[in-house]
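Containing TSV, C-alpha atoms: start-v5.tsv.
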chain	number	residue	atom	x	y	z
Y	428	MET	CA	8.97	59.04	-27.20
Y	429	ASP	CA	8.92	55.24	-27.44
Y	430	TRP	CA	12.49	54.03	-27.94
Y	431	LYS	CA	11.44	51.56	-30.65
Y	432	LEU	CA	9.96	54.36	-32.74
Y	433	PHE	CA	13.04	56.49	-32.08
Y	434	VAL	CA	15.43	53.78	-33.29
Y	435	ALA	CA	13.26	53.04	-36.35
Y	436	ARG	CA	13.29	56.72	-37.30
Y	437	ARG	CA	17.06	56.93	-36.86
Y	438	ILE	CA	17.55	53.91	-39.12
Y	439	TYR	CA	15.15	55.36	-41.69
Y	440	GLY	CA	16.80	58.79	-41.55
Y	441	SER	CA	20.35	57.47	-41.63
Y	442	ARG	CA	22.29	58.47	-44.74
Y	443	GLU	CA	25.18	56.16	-43.99
Y	444	GLY	CA	23.32	53.01	-45.00
Y	445	GLY	CA	25.53	50.72	-42.97
Y	446	LYS	CA	27.77	48.91	-45.40
Y	447	GLU	CA	25.96	50.39	-48.39
Y	448	ILE	CA	24.42	46.98	-49.08
Y	449	SER	CA	20.88	47.87	-48.10
Y	450	LYS	CA	20.50	51.04	-50.16
Y	451	PRO	CA	19.75	49.28	-53.49
Y	452	ALA	CA	17.45	46.82	-51.71
Y	453	VAL	CA	15.56	49.65	-50.01
Y	454	ARG	CA	15.20	51.53	-53.29
Y	455	ILE	CA	13.98	48.42	-55.10
Y	456	ALA	CA	11.49	47.68	-52.33
Y	457	THR	CA	10.21	51.26	-52.37
Y	458	ALA	CA	9.95	51.20	-56.17
Y	459	GLY	CA	8.06	47.91	-55.97
Y	460	ILE	CA	5.49	49.43	-53.64
Y	461	SER	CA	5.23	52.56	-55.81
Y	462	VAL	CA	4.77	50.73	-59.10
Y	463	GLY	CA	2.43	48.16	-57.61
Y	464	LEU	CA	0.12	50.72	-56.01
Y	465	ALA	CA	0.18	52.96	-59.11
Y	466	VAL	CA	-0.77	50.04	-61.35
Y	467	MET	CA	-3.59	49.03	-58.99
Y	468	ILE	CA	-4.98	52.58	-58.82
Y	469	VAL	CA	-4.88	52.93	-62.60
Y	470	ALA	CA	-6.34	49.46	-63.21
Y	471	VAL	CA	-9.30	50.08	-60.91
Y	472	ALA	CA	-9.93	53.57	-62.36
Y	473	VAL	CA	-9.83	52.26	-65.94
Y	474	VAL	CA	-12.14	49.31	-65.28
Y	475	ILE	CA	-14.66	51.46	-63.40
Y	476	GLY	CA	-14.58	54.10	-66.12
Y	477	PHE	CA	-14.83	51.54	-68.90
Y	478	LYS	CA	-17.73	49.66	-67.33
Y	479	HIS	CA	-19.66	52.84	-66.61
Y	480	GLN	CA	-19.14	54.31	-70.08
Y	481	VAL	CA	-20.15	51.13	-71.89
Y	482	ARG	CA	-23.11	50.62	-69.56
Y	483	ASP	CA	-24.21	54.23	-70.00
Y	484	LYS	CA	-24.09	53.80	-73.78
Y	485	VAL	CA	-26.16	50.63	-73.67
Y	486	VAL	CA	-28.68	52.30	-71.37
Y	487	GLY	CA	-28.60	55.60	-73.28
Y	488	LEU	CA	-29.42	53.86	-76.55
Y	489	GLY	CA	-32.04	51.68	-74.95
Y	490	SER	CA	-33.01	51.96	-71.32
Y	491	ASP	CA	-32.68	50.29	-67.92
Y	492	ILE	CA	-35.89	48.29	-68.24
Y	493	VAL	CA	-37.78	47.36	-71.42
Y	494	ILE	CA	-41.37	46.14	-71.79
Y	495	THR	CA	-42.08	44.26	-75.04
Y	496	ASN	CA	-44.40	41.56	-76.38
Y	497	PHE	CA	-43.82	38.12	-74.88
Y	498	ASP	CA	-44.12	36.56	-78.35
Y	499	GLN	CA	-41.47	38.83	-79.84
Y	500	GLN	CA	-38.57	36.97	-81.42
Y	501	LYS	CA	-34.97	38.15	-81.62
Y	502	SER	CA	-35.81	40.32	-84.60
Y	503	TYR	CA	-36.39	43.99	-85.30
Y	504	GLU	CA	-39.70	43.03	-86.97
Y	505	THR	CA	-41.54	43.39	-83.68
Y	506	VAL	CA	-44.91	42.24	-82.39
Y	507	PRO	CA	-46.82	45.20	-80.87
Y	508	ILE	CA	-48.19	45.81	-77.40
Y	509	ALA	CA	-50.84	48.34	-76.43
Y	510	VAL	CA	-49.52	51.22	-74.33
Y	511	GLY	CA	-51.99	53.99	-73.59
Y	512	ASP	CA	-51.74	57.14	-71.51
Y	513	THR	CA	-53.09	55.36	-68.43
Y	514	LEU	CA	-50.40	52.68	-68.48
Y	515	LEU	CA	-47.69	55.27	-69.12
Y	516	GLN	CA	-48.89	57.23	-66.08
Y	517	GLU	CA	-48.98	54.12	-63.89
Y	518	LEU	CA	-45.45	53.13	-64.88
Y	519	GLY	CA	-44.17	56.67	-64.40
Y	520	ASP	CA	-45.64	56.79	-60.88
Y	521	LEU	CA	-43.76	53.68	-59.73
Y	522	GLU	CA	-41.10	54.34	-57.09
Y	523	GLY	CA	-37.64	54.56	-58.62
Y	524	VAL	CA	-38.79	55.22	-62.19
Y	525	ARG	CA	-37.46	58.46	-63.70
Y	526	GLN	CA	-38.52	58.25	-67.34
Y	527	VAL	CA	-41.04	56.29	-69.40
Y	528	GLN	CA	-40.96	56.40	-73.20
Y	529	ARG	CA	-42.52	54.46	-76.07
Y	530	TYR	CA	-40.77	53.32	-79.22
Y	531	SER	CA	-41.45	51.33	-82.38
Y	532	THR	CA	-39.08	49.75	-84.90
Y	533	LYS	CA	-39.29	48.76	-88.53
Y	534	PRO	CA	-36.48	47.06	-90.49
Y	535	GLY	CA	-35.87	48.31	-94.00
Y	536	MET	CA	-33.30	49.35	-96.55
Y	537	ILE	CA	-31.73	52.62	-97.70
Y	538	MET	CA	-30.92	53.02	-101.37
Y	539	THR	CA	-28.90	55.70	-103.11
Y	540	ASP	CA	-27.65	55.99	-106.69
Y	541	ASP	CA	-24.39	54.28	-105.74
Y	542	ASN	CA	-25.11	52.21	-102.66
Y	543	PHE	CA	-27.67	50.44	-100.50
Y	544	LEU	CA	-27.72	49.54	-96.82
Y	545	GLY	CA	-29.88	47.58	-94.42
Y	546	MET	CA	-31.14	49.52	-91.43
Y	547	VAL	CA	-33.74	49.71	-88.65
Y	548	LEU	CA	-36.05	52.70	-88.39
Y	549	LYS	CA	-36.78	53.53	-84.75
Y	550	GLY	CA	-39.73	55.77	-83.99
Y	551	VAL	CA	-39.91	57.87	-80.82
Y	552	SER	CA	-42.27	60.51	-79.50
Y	553	SER	CA	-42.21	63.73	-77.52
Y	554	GLU	CA	-41.64	61.97	-74.18
Y	555	TYR	CA	-38.36	60.48	-75.40
Y	556	ASN	CA	-35.24	61.52	-73.47
Y	557	PHE	CA	-32.71	62.87	-75.99
Y	558	ASP	CA	-30.01	63.79	-73.45
Y	559	PHE	CA	-27.77	60.93	-74.55
Y	560	LEU	CA	-28.11	61.65	-78.28
Y	561	ASN	CA	-27.61	65.38	-77.66
Y	562	ARG	CA	-24.19	64.62	-76.18
Y	563	HIS	CA	-23.26	62.63	-79.28
Y	564	MET	CA	-24.56	64.89	-82.06
Y	565	VAL	CA	-21.84	65.81	-84.57
Y	566	GLU	CA	-23.94	67.69	-87.12
Y	567	GLY	CA	-27.42	69.17	-87.40
Y	568	GLU	CA	-30.02	69.08	-84.63
Y	569	ILE	CA	-32.67	66.84	-83.12
Y	570	PRO	CA	-36.15	67.71	-84.44
Y	571	VAL	CA	-39.39	67.54	-82.47
Y	572	PHE	CA	-40.86	64.08	-82.96
Y	573	SER	CA	-44.52	63.26	-82.42
Y	574	ASP	CA	-46.91	60.31	-82.29
Y	575	THR	CA	-49.67	62.15	-84.12
Y	576	VAL	CA	-48.02	63.68	-87.18
Y	577	SER	CA	-45.24	62.69	-89.57
Y	578	SER	CA	-42.15	64.90	-89.64
Y	579	ASN	CA	-40.39	63.15	-92.54
Y	580	LEU	CA	-37.17	63.92	-90.66
Y	581	VAL	CA	-34.59	61.42	-89.49
Y	582	LEU	CA	-31.40	61.19	-87.44
Y	583	VAL	CA	-28.66	58.96	-88.84
Y	584	SER	CA	-25.35	57.81	-87.40
Y	585	LYS	CA	-22.04	59.08	-88.75
Y	586	THR	CA	-21.22	55.48	-89.69
Y	587	ILE	CA	-24.25	55.26	-91.99
Y	588	ALA	CA	-23.76	58.79	-93.30
Y	589	ASP	CA	-20.14	58.00	-94.25
Y	590	LYS	CA	-21.08	54.72	-95.92
Y	591	LEU	CA	-23.79	56.39	-97.99
Y	592	GLN	CA	-21.83	59.65	-98.42
Y	593	VAL	CA	-24.73	61.83	-97.29
Y	594	LYS	CA	-25.00	64.85	-95.00
Y	595	THR	CA	-27.65	66.89	-93.20
Y	596	GLY	CA	-30.34	68.37	-95.39
Y	597	GLU	CA	-30.13	65.58	-97.96
Y	598	ARG	CA	-32.90	63.06	-98.53
Y	599	LEU	CA	-32.82	59.32	-98.04
Y	600	TYR	CA	-35.00	56.88	-99.96
Y	601	THR	CA	-35.96	54.03	-97.65
Y	602	TYR	CA	-37.86	50.85	-98.51
Y	603	TYR	CA	-39.84	48.40	-96.35
Y	604	ILE	CA	-41.15	44.95	-97.23
Y	605	GLU	CA	-44.78	44.11	-96.35
Y	606	GLY	CA	-45.54	40.62	-97.55
Y	607	LYS	CA	-45.17	40.76	-101.33
Y	608	ASN	CA	-45.29	44.54	-101.40
Y	609	VAL	CA	-42.52	47.11	-100.96
Y	610	ARG	CA	-43.34	50.44	-99.35
Y	611	ALA	CA	-41.16	53.50	-99.90
Y	612	ARG	CA	-40.61	56.48	-97.65
Y	613	ARG	CA	-38.52	59.56	-98.36
Y	614	LEU	CA	-36.88	61.05	-95.26
Y	615	GLU	CA	-34.75	64.16	-94.82
Y	616	ILE	CA	-31.61	64.01	-92.66
Y	617	ALA	CA	-32.03	66.45	-89.77
Y	618	GLY	CA	-28.92	65.47	-87.81
Y	619	ILE	CA	-26.00	63.07	-87.56
Y	620	TYR	CA	-24.89	61.41	-84.33
Y	621	GLN	CA	-21.95	59.22	-83.35
Y	622	THR	CA	-22.04	57.02	-80.23
Y	623	ASN	CA	-19.17	54.66	-81.21
Y	624	PHE	CA	-21.48	51.80	-80.24
Y	625	THR	CA	-21.34	49.74	-83.42
Y	626	GLN	CA	-24.47	47.65	-82.75
Y	627	TYR	CA	-26.46	50.87	-82.78
Y	628	ASP	CA	-24.52	53.11	-85.15
Y	629	ASP	CA	-24.49	50.49	-87.91
Y	630	LEU	CA	-28.26	50.02	-87.89
Y	631	PHE	CA	-30.51	52.66	-86.41
Y	632	LEU	CA	-32.20	55.69	-87.90
Y	633	ILE	CA	-34.33	57.78	-85.52
Y	634	THR	CA	-37.63	59.31	-86.64
Y	635	ASP	CA	-41.08	60.01	-85.22
Y	636	LEU	CA	-43.28	57.32	-83.72
Y	637	TYR	CA	-46.18	58.16	-86.03
Y	638	THR	CA	-44.20	57.30	-89.19
Y	639	VAL	CA	-43.04	53.91	-87.91
Y	640	ASN	CA	-46.48	52.94	-86.64
Y	641	ARG	CA	-47.96	53.83	-90.03
Y	642	LEU	CA	-45.37	51.62	-91.74
Y	643	ASN	CA	-46.27	48.79	-89.35
Y	644	ALA	CA	-50.02	49.40	-89.92
Y	645	TRP	CA	-50.67	49.38	-86.17
Y	646	GLU	CA	-53.41	50.91	-84.11
Y	647	PRO	CA	-52.63	54.31	-82.46
Y	648	GLN	CA	-51.97	52.78	-79.01
Y	649	GLN	CA	-49.74	49.96	-80.30
Y	650	VAL	CA	-45.94	50.22	-80.12
Y	651	SER	CA	-42.95	47.88	-80.18
Y	652	GLY	CA	-42.21	48.50	-76.53
Y	653	VAL	CA	-41.72	50.83	-73.58
Y	654	GLU	CA	-38.36	51.90	-72.16
Y	655	LEU	CA	-38.04	52.83	-68.48
Y	656	GLU	CA	-35.14	54.73	-66.98
Y	657	VAL	CA	-34.50	54.23	-63.25
Y	658	GLU	CA	-33.38	56.94	-60.85
Y	659	ASP	CA	-30.55	54.87	-59.40
Y	660	TYR	CA	-28.99	51.99	-61.34
Y	661	ASN	CA	-27.94	50.36	-58.06
Y	662	HIS	CA	-31.64	49.79	-57.34
Y	663	LEU	CA	-32.40	48.33	-60.78
Y	664	ASP	CA	-33.56	44.96	-59.44
Y	665	GLU	CA	-35.95	46.58	-56.97
Y	666	VAL	CA	-37.56	48.75	-59.66
Y	667	TYR	CA	-37.65	45.77	-62.01
Y	668	GLY	CA	-39.68	43.87	-59.39
Y	669	ARG	CA	-42.21	46.73	-59.13
Y	670	VAL	CA	-42.58	46.93	-62.92
Y	671	CYS	CA	-43.07	43.16	-63.13
Y	672	GLY	CA	-45.77	43.37	-60.49
Y	673	GLN	CA	-47.51	46.02	-62.56
Y	674	VAL	CA	-47.51	44.50	-66.06
Y	675	ASP	CA	-45.36	41.37	-66.49
Y	676	MET	CA	-47.21	38.51	-68.21
Y	677	LYS	CA	-50.47	40.46	-68.24
Y	678	THR	CA	-52.41	40.95	-71.48
Y	679	ASP	CA	-53.38	44.15	-73.27
Y	680	ALA	CA	-56.61	45.09	-75.02
Y	681	PHE	CA	-55.58	43.11	-78.13
Y	682	GLY	CA	-54.69	39.94	-76.22
Y	683	ASN	CA	-50.91	40.46	-76.39
Y	684	THR	CA	-48.76	39.63	-73.36
Y	685	TYR	CA	-46.39	42.13	-71.72
Y	686	TYR	CA	-42.85	40.92	-71.05
Y	687	VAL	CA	-40.41	42.84	-68.79
Y	688	GLN	CA	-36.61	42.62	-69.10
Y	689	THR	CA	-33.68	44.55	-67.66
Y	690	VAL	CA	-30.91	45.99	-69.81
Y	691	GLU	CA	-28.62	43.23	-68.50
Y	692	GLU	CA	-31.02	40.58	-69.81
Y	693	THR	CA	-31.40	42.18	-73.23
Y	694	ASN	CA	-27.63	42.64	-73.60
Y	695	VAL	CA	-26.33	39.48	-71.94
Y	696	GLN	CA	-23.10	39.21	-73.93
Y	697	ILE	CA	-22.00	42.80	-73.28
Y	698	PHE	CA	-22.61	42.63	-69.54
Y	699	ALA	CA	-20.98	39.19	-69.29
Y	700	TRP	CA	-17.95	40.70	-70.98
Y	701	LEU	CA	-17.93	43.61	-68.53
Y	702	ASP	CA	-18.15	41.18	-65.61
Y	703	LEU	CA	-15.00	39.45	-66.88
Y	704	LEU	CA	-13.13	42.71	-66.37
Y	705	ASP	CA	-13.61	42.34	-62.62
Y	706	MET	CA	-11.67	39.07	-62.73
Y	707	ASN	CA	-8.86	40.79	-64.64
Y	708	VAL	CA	-8.66	43.48	-61.97
Y	709	TRP	CA	-8.42	40.89	-59.19
Y	710	VAL	CA	-5.58	39.15	-61.03
Y	711	ILE	CA	-3.73	42.48	-61.39
Y	712	LEU	CA	-4.29	43.37	-57.73
Y	713	ILE	CA	-3.02	40.00	-56.48
Y	714	LEU	CA	0.04	40.10	-58.74
Y	715	MET	CA	0.96	43.67	-57.80
Y	716	VAL	CA	0.52	43.07	-54.06
Y	717	GLY	CA	2.62	39.92	-54.41
Y	718	VAL	CA	5.42	41.70	-56.25
Y	719	ALA	CA	5.42	44.63	-53.82
Y	720	GLY	CA	5.32	42.33	-50.81
Y	721	PHE	CA	8.19	40.11	-51.94
Y	722	THR	CA	10.41	43.08	-52.75
Y	723	MET	CA	9.74	44.39	-49.25
Y	724	ILE	CA	10.54	40.97	-47.74
Y	725	SER	CA	13.87	40.79	-49.54
Y	726	GLY	CA	14.67	44.36	-48.55
Y	727	LEU	CA	13.83	43.72	-44.88
Y	728	LEU	CA	15.96	40.57	-44.76
Y	729	ILE	CA	18.94	42.42	-46.20
Y	730	ILE	CA	18.48	45.26	-43.70
Y	731	ILE	CA	18.25	42.83	-40.77
Y	732	LEU	CA	21.40	41.02	-41.85
Y	733	GLU	CA	23.21	44.32	-42.34
Y	734	ARG	CA	22.14	45.52	-38.88
Y	735	THR	CA	23.15	42.30	-37.09
Y	736	ASN	CA	25.69	44.18	-34.97
Y	737	MET	CA	23.09	46.71	-33.86
Y	738	ILE	CA	20.61	43.93	-33.05
Y	739	GLY	CA	23.23	42.21	-30.89
Y	740	ILE	CA	23.91	45.44	-28.97
Y	741	LEU	CA	20.18	46.03	-28.40
Y	742	LYS	CA	19.81	42.48	-27.06
Y	743	ALA	CA	22.85	42.94	-24.81
Y	744	MET	CA	21.20	46.08	-23.41
Y	745	GLY	CA	18.08	44.09	-22.50
Y	746	ALA	CA	15.81	44.52	-25.52
Y	747	ASP	CA	13.77	41.39	-26.28
Y	748	ASN	CA	13.11	39.90	-29.71
Y	749	SER	CA	9.58	41.31	-29.85
Y	750	SER	CA	10.75	44.88	-29.29
Y	751	ILE	CA	13.50	44.63	-31.90
Y	752	ARG	CA	11.06	43.13	-34.39
Y	753	LYS	CA	8.80	46.13	-33.81
Y	754	VAL	CA	11.74	48.43	-34.59
Y	755	PHE	CA	12.26	46.87	-38.00
Y	756	LEU	CA	8.55	46.56	-38.76
Y	757	THR	CA	8.12	50.25	-37.92
Y	758	PHE	CA	11.07	51.04	-40.18
Y	759	SER	CA	9.38	48.98	-42.92
Y	760	VAL	CA	6.17	50.98	-42.47
Y	761	PHE	CA	8.18	54.16	-43.15
Y	762	LEU	CA	9.53	52.61	-46.38
Y	763	ILE	CA	6.08	51.37	-47.41
Y	764	GLY	CA	4.62	54.81	-46.72
Y	765	ARG	CA	7.22	56.47	-48.93
Y	766	GLY	CA	6.53	53.97	-51.69
Y	767	MET	CA	2.79	54.47	-51.37
Y	768	LEU	CA	3.21	58.24	-51.56
Y	769	TRP	CA	4.99	57.96	-54.91
Y	770	GLY	CA	2.55	55.31	-56.07
Y	771	ASN	CA	-0.36	57.64	-55.38
Y	772	ILE	CA	1.36	60.53	-57.13
Y	773	ILE	CA	2.03	58.41	-60.24
Y	774	GLY	CA	-1.41	56.76	-60.32
Y	775	LEU	CA	-3.46	59.88	-59.67
Y	776	SER	CA	-1.37	61.90	-62.14
Y	777	PHE	CA	-2.17	59.37	-64.86
Y	778	ILE	CA	-5.89	59.53	-64.04
Y	779	VAL	CA	-5.92	63.33	-64.23
Y	780	LEU	CA	-3.89	63.49	-67.47
Y	781	GLN	CA	-5.94	60.76	-69.17
Y	782	SER	CA	-9.28	62.27	-68.15
Y	783	GLN	CA	-8.25	65.74	-69.36
Y	784	PHE	CA	-6.23	64.98	-72.49
Y	785	SER	CA	-7.19	61.39	-73.50
Y	786	LEU	CA	-3.55	60.43	-74.04
Y	787	PHE	CA	-4.34	56.78	-74.84
Y	788	SER	CA	-6.86	56.05	-77.58
Y	789	LEU	CA	-8.82	52.89	-78.45
Y	790	ASP	CA	-10.53	51.47	-81.51
Y	791	PRO	CA	-14.23	52.31	-80.93
Y	792	SER	CA	-15.36	49.52	-83.27
Y	793	ILE	CA	-13.94	47.01	-80.76
Y	794	TYR	CA	-14.10	48.72	-77.36
Y	795	TYR	CA	-17.15	51.02	-77.90
Y	796	VAL	CA	-15.10	54.05	-76.75
Y	797	ASP	CA	-12.45	56.04	-78.61
Y	798	HIS	CA	-10.10	56.52	-75.63
Y	799	VAL	CA	-9.18	54.79	-72.39
Y	800	PRO	CA	-11.83	55.93	-69.88
Y	801	VAL	CA	-10.88	56.54	-66.25
Y	802	GLU	CA	-13.05	57.25	-63.23
Y	803	PHE	CA	-11.78	58.06	-59.76
Y	804	ASN	CA	-13.61	56.52	-56.81
Y	805	PHE	CA	-12.46	57.91	-53.47
Y	806	TRP	CA	-13.59	54.96	-51.36
Y	807	LEU	CA	-11.95	52.37	-53.60
Y	808	TRP	CA	-8.78	54.48	-53.68
Y	809	LEU	CA	-8.78	54.62	-49.87
Y	810	LEU	CA	-9.44	50.88	-49.64
Y	811	LEU	CA	-6.52	50.15	-51.99
Y	812	ASN	CA	-4.16	52.22	-49.87
Y	813	VAL	CA	-5.27	50.68	-46.57
Y	814	CYS	CA	-5.13	47.12	-47.94
Y	815	THR	CA	-1.72	47.70	-49.52
Y	816	LEU	CA	-0.32	48.94	-46.21
Y	817	LEU	CA	-1.85	46.13	-44.16
Y	818	VAL	CA	-0.94	43.30	-46.55
Y	819	SER	CA	2.62	44.58	-47.00
Y	820	VAL	CA	3.19	44.83	-43.23
Y	821	LEU	CA	1.61	41.43	-42.56
Y	822	MET	CA	3.85	39.82	-45.19
Y	823	LEU	CA	6.87	41.14	-43.25
Y	824	VAL	CA	5.86	39.67	-39.88
Y	825	GLY	CA	7.18	36.21	-40.73
Y	826	PRO	CA	10.61	37.29	-42.03
Y	827	SER	CA	11.07	39.54	-38.98
Y	828	TYR	CA	11.37	36.41	-36.79
Y	829	LEU	CA	14.88	36.04	-38.19
Y	830	ILE	CA	15.87	38.43	-35.39
Y	831	ALA	CA	15.24	35.69	-32.82
Y	832	HIS	CA	18.10	33.63	-34.30
Y	833	ILE	CA	20.68	36.38	-33.86
Y	834	HIS	CA	22.83	35.81	-30.73
Y	835	PRO	CA	24.32	38.88	-29.00
Y	836	ALA	CA	27.78	37.39	-28.34
Y	837	LYS	CA	28.35	36.49	-31.96
Y	838	SER	CA	26.55	39.42	-33.57
Y	839	ILE	CA	28.42	42.13	-31.63
Y	840	ARG	CA	31.62	40.89	-33.24
Y	841	PHE	CA	29.88	40.74	-36.64
Y	842	GLU	CA	31.26	43.13	-39.26

When written as structure tokens, how does the structure in this file appear?
Amino acid sequence: MDWKLFVARRIYGSREGGKEISKPAVRIATAGISVGLAVMIVAVAVVIGFKHQVRDKVVGLGSDIVITNFDQQKSYETVPIAVGDTLLQELGDLEGVRQVQRYSTKPGMIMTDDNFLGMVLKGVSSEYNFDFLNRHMVEGEIPVFSDTVSSNLVLVSKTIADKLQVKTGERLYTYYIEGKNVRARRLEIAGIYQTNFTQYDDLFLITDLYTVNRLNAWEPQQVSGVELEVEDYNHLDEVYGRVCGQVDMKTDAFGNTYYVQTVEETNVQIFAWLDLLDMNVWVILILMVGVAGFTMISGLLIIILERTNMIGILKAMGADNSSIRKVFLTFSVFLIGRGMLWGNIIGLSFIVLQSQFSLFSLDPSIYYVDHVPVEFNFWLWLLLNVCTLLVSVLMLVGPSYLIAHIHPAKSIRFE
């Protein structure tokens, strides 16, 4: 066995602690590593979980890519585009596209005996992917919607249902303005959903595409837009390029121009906000590594000063400064490893407990989720551990040069 490793292990395993000065320093240094790594693991898991949950909600309520009319303004009173079976097939056959679905919208108002509320009626058809809404249904069921027949059924959010004090099976009286005329439509509540995404829950009612197109007085092939779901979100830009090549800025049979946008372009503010979270994580990582590193530096300096006598003896026996520095750096690696072990136990325990029991809740009207989301990523966890070890050891290289200033003749007499 290498003598440097042997000495480092003896120092690490010693229960005497020299003059008992280094024990508190070692414990503080170990605690610094533990807390720092635990905070970093939790911070990364929370940010990844939060970004993915919010993104999944935005995509689930809309889609990854949206095709609308180029002349459409930022309004729910949309300008139609023509989308026939041929175009749907062509879009669905593009590489990377998983789902293609049409939709139409119509702004209106709900009125009851005691209340009224503005809303947007969104019409969908049989090709619509209801997986997201199925996961967020709280009452009732999702009916079969069509583009050829009216169902007179509607899905409402729990937010709207609570405001209007209605429940499944009851009827809603909705009104839509067409020029100087007001059109009425009576719809029955088939189900109630809750996504905790206020921009959607506060506005949208879901019904069949046929009903909304009739209210808009459009031709059978005309819709507000087309939503495309990609197979892999990491390849969104590549699929977006293919869709643009297929339809972007081209005209339909009625002379309207297709316009293609990604979910990040249609929800700029939300995704800009999510990007800011990355900066927060970097700040946390830098601060925690700094705190852990400086506690280790102070601990190492105290240990070196306490072991001055031993250093002098090793030098008198022929050990050079480089070898003795390696002894103390190896000893520091043992301390860092122990701190990292506890840091991983604390951090991973929090992730497991939070994912299973949702111990910490949030206000969904502000954060779009009702609890702190966490998501474990093995490769990021491994990278955090490796970087913590490397940075901590590298920060100790400089202070270890203090050993070179210790003279054997003086240090052997040091008590």

Atom pair CA of Glu654 in chain Y / CA of Gln673 in chain Y: separation (Å):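 If I compute the distance from CA of Glu654 in chain Y to CA of Gln673 in chain Y, I get 14.5 Å.
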
Pairwise distance, CA of Gly487 in chain Y with CA of Phe559 in chain Y, equals 5.5 Å

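Among the candidate residues Y:Arg436, Y:Thr513, Y:Ile740, Y:Thr495, the one lying nearest to Asn683 in chain Y is Y:Thr495, with distances computed using all atoms listed in the file.
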
**Item:** Residues within 12 Å of Asn694 in chain Y, all atoms listed in the file, excluding chain neighbours under 6 positions, as a VMD selection string
**Value:** chain Y and resid 481 to 482 484 to 486 488 to 493 501 626 688 700 to 701

**Message:** Nearest residue to Leu515 in chain Y out of Y:Leu728, Y:Val527, Y:Leu704, Y:Leu599, using all atoms listed in the file?
**Reply:**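 For Leu515 in chain Y, the nearest of the given residues is Y:Val527.
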
Report task. Find the residues near range 631-648 of chain Y: any atom within 6 Å, counting only C-alpha atoms, skip ones fewer than 6 places away on the same chain, and give them as a list in words. Result ->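 Neighbouring residues, sequence-local ones excluded: Ala509, Val510, Gly511, Met546, Val547, Leu548, Lys549, Gly550, Val551, Ser552, Phe572, Ser573, Asp574, Thr575, Val576, Ser577, Val581, Leu582 and Val583 of chain Y.
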
Practice item. Find the residue from Y:Val801, Y:Leu518, Y:Met767, Y:Leu703 that sits nearest to Asp675 in chain Y; use only C-alpha atoms when measuring. Key: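 Result for the nearest residue to Asp675 in chain Y: Y:Leu518.
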
**OP:** May I ask for the distance between CA of Val708 in chain Y and CA of Leu464 in chain Y, given in Å to one decimal place?
**Re:**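 Separation between CA of Val708 in chain Y and CA of Leu464 in chain Y: 12.8 Å.
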
| message | Given all atoms listed in the file as the basis, pick out the residue of Y:Ile468, Y:Leu741, Y:Ile619, Y:Asp659 nearest to Phe805 in chain Y. | response |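 Comparing Y:Ile468, Y:Leu741, Y:Ile619, Y:Asp659 against Phe805 in chain Y, the winner is Y:Ile468.
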
If you count all atoms listed in the file, the residue of Y:Ser578, Y:Leu816, Y:Leu544, Y:Asp589 closest to Ser759 in chain Y turns out to be Y:Leu816

* Take the point (-4.3, 52.6, -49.7) in the file's coordinates, draw a sphere of radius 10 Å around it, and report as a list in words every protein, DNA or RNA residue with an atom inside or on it, counting only C-alpha atoms. =>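 Final list of nearby residues, as requested, is Leu464, Met467, Ile468, Gly764, Met767, Leu768, Gly770, Asn771, Trp806, Leu807, Trp808, Leu809, Leu810, Leu811, Asn812, Val813, Cys814, Thr815, Leu816 and Leu817 of chain Y.
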
* Find the spatial neighbours of range 565-568 of chain Y, counting all atoms listed in the file, within a cut-off of 10 Å - ignore same-chain residues fewer than 2 positions away - and output them as a list in words. =>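 Surrounding residues, per the criterion: Leu560, Asn561, Arg562, His563, Pro570, Val571, Leu582, Ser584, Lys585, Lys594, Thr595, Gly596, Ile616, Ala617, Gly618, Ile619, Tyr620, Gln621 and Thr622 of chain Y.
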
Can you write out as a tab-separated table which residues of range 617-637 of chain Y fall within 12 Å of range 786-790 of chain Y, alongside each residue's closest atom pair and its distance in Å to one decimal, counting all atoms listed in the file and ordering rows by chain and ascending residue number?
residue	atom	partner	partner_atom	distance
Y:Asn623	CA	Y:Asp790	CA	9.2
Y:Phe624	CA	Y:Asp790	CA	11.0
Y:Thr625	CA	Y:Asp790	CA	11.1

Across Y:Gly682, Y:Glu658, Y:Phe433, Y:Ile460, the smallest distance to Gln526 in chain Y, with only C-alpha atoms counted, is shown by Y:Glu658

Excluding Arg612 in chain Y and its own-chain neighbours fewer than 3 positions away, which residues fall within 8 Å of it when counting all atoms listed in the file? Please give them as a PyMOL selection string. chain Y and resi 600-602

Size and centre in Å, one decimal, axis-aligned box, all listed range 638-649 of chain Y atoms plus 4 Å per side, as AutoDock Vina command-line options:
--center_x -48.2 --center_y 53.0 --center_z -85.4 --size_x 18.4 --size_y 16.5 --size_z 20.7
